[in-house]
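Enquirer: Quick one: this structure, given as structure tokens, is what I'll be asking you about.
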Amino acid sequence: MRAMKSSGFLQVSHQQSERRRALRFLLVCLACSVFVGCAARPVGVLAPAPAAIPGAIHLDLLVATNRAPSPDRGVLFSGERGEASLKSFVVSIPPDTRREIGRVQWPRSVPPDPASEFATLDVVSLDSAGQTEKWLQAHKSPSRRVLVFVHGFNTSFESALFRFAQIVHDSGADATPVLFTWPSRGSVFEYSYDRESANFSRDALEKLLKRLSESSNVSEITVLAHSMGGWLAIESLRQMAIREGRVRDKIQTVILAAPDLDVDVFRTQLRSFGDHRPRFTVFVSREDHALRLSRSIAGDVERLGRIDPDAKPWIAEDGVEIIDLTGKESVSLLRHSKFSENPQVIRYLGTQLINGKGAADDQAGIGERLGGVSMGVARGMADAAGLATSAPTAILDPNMRRAYSEQVSQFWRAIDNAIASGVDWR
């Protein structure tokens with residue numbers, strides 16, 4: 001009997017060891033692909049392109065940031081923390097005949113080629129409230145709706161800018177685009193720094209939303225937040241509700257895409273809004289590998305972006321609309337950005353959700369074609385997070401080598417703990 005128990009223990013131990021080795025191998029391969037992919041990205045892609053190209057799309061964006069400025073005019077802002085500032089950008093997107101919906105055609109060299117790559121044509125500082133108001137007046141949409149995008153973890157300034165430009169163009173949303181980009185270092189090994197930077201940015205985002213709500217050129221505001229940006233957006237709105245007794249009326253829609261947000265914390269945050277709150281829509285996917293890793297780092301508590309809607313009935317009871325993207329195609333290995341990469345989802349985002357309509361209001365039936373409805377929760381639509389940018393910087397920059405080494409150790413400890421606790425990585 002004792003021999004049988006011993007044999008069983010050795011078998012389980014062997015299985016765990018094999019599983020650990022297999023997982024390490026998978027992650028090393030993924031890290032290698034990250035390093036190779038990032039090494040090919042040039043630095044300084046935001047230096048204005050020399051000339052516009054006929055047929056290219058020119059997109060005007062307002063950009064608010066609390067990143068520290070960079071002296072390099074092709075970089076503009078670093079991942080360090082700074083004072084709030086506003087700039088207007090004109091981004092050039094290649095002609096539709098030369099690109100795919102859901103993709104950012106990243107520059108291969110500097111300066112970028114607007115004929116086939118995303119490029120910046122113009123950058124202007126807006127140093128006063130009057131200049132900002134003039135910009136809003138000149139670029140207001142027919143509906144006078146504003147779309148505020150808040151990016152997630154591991155996102156450089158240029159990545160945030162070009163990704164948002166892609167979302168705005170591909171979605172076809174009737175909204176004036178406003179990007180809020182907070183101090184992310186754009187490195188997979190800076191999760192802790194980015195998390196604290198999101199907390200650091202709550203006041204800045206709240207002030208931006210208040211400023212927009214006070215503009216006569218804005219009638220309605222939709223907030224779209226991705227990944228860790230979901231935490232930042234909810235916390236900023238929660239602050240507003242606490243300070244003023246409610247979220248301002250013009251802020252009518254909040255869309256959380258793959259939110260890296262503790263599901264229990266989200267429920268308590270919702271309660272702080274009271275009965276008068278915006279419409280909340282959440283994109284989830286149980287295939288989101290980035291949030292699976294984030295869960296292991298964050299004490300093995302499920303992230304809001306990976307929930308099974310059928311297993312969380314309180315979400316429907318609290319009036320939160322869940323759109324389940326499980327099974328939908330994604331171009332990225334981590335399946336963390338389906339909302340912006342899947343052509344069906346990005347179009348639905350623009351025609352339905354950004355315009356303040358929920359899945360329940362879908363008259364065209366696109367939501368029904370993409371999935372069903374369960375327990376009153378809309379389902380079926382649509383970088384720890386976003387392991388896809390700038391890790392080589394941590395190796396090449398002497399000031400970041402120590403942080404890199406420490407983050408690698410924390411990373412493997414989190415993986416080992418996840419395996420030991422039985423987290424399902426399949």
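Residues in the structure tokens are named by chain (A, B, ... in the order shown) and by number from 1 within that chain; ligands are numbered from 1 in the order shown.
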I want to know what sits within 8 Å of Pro177 in chain A, based on only C-alpha atoms, with residues of the same chain fewer than 2 positions away left out; could you give that as number ranges by chain?
Expert: A: 60-62, 146-149, 168, 175, 179
Enquirer: Find the residues around range 259-275 of chain A up to 8 Å (only C-alpha atoms counted), leave out those fewer than 2 positions away in its own chain, and share them as a ChimeraX atom specification.
Expert: /A:225-231,234-235,238,241-242,246-247,256-257,277,282-284,291,294,301-305,385
Enquirer: Can you work out which one of A:Leu349, A:Ala84, A:Leu232, A:Leu121 has the shortest atom-to-atom distance to Ser197 in chain A, counting only C-alpha atoms?
Expert: A:Leu232
Enquirer: Just to confirm, what's the straight-line distance from CA of Gly74 in chain A to CA of Pro48 in chain A in Å (one decimal)?
Expert: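 Calculated distance between CA of Gly74 in chain A and CA of Pro48 in chain A is 7.7 Å.
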Enquirer: Show me, as a ChimeraX atom specification, the residues that have an atom within 12 Å of Lys207 in chain A when counting only C-alpha atoms, minus same-chain residues fewer than 3 positions from it.
Expert: /A:64-66,84-85,180,201-204,210-214,233,236-237,239-240,248
Enquirer: Residues at most 7 Å from range 132-138 of chain A, counting only C-alpha atoms, excluding those fewer than 4 positions away in the same chain, as a PyMOL selection string?
Expert: chain A and resi 126+128+217
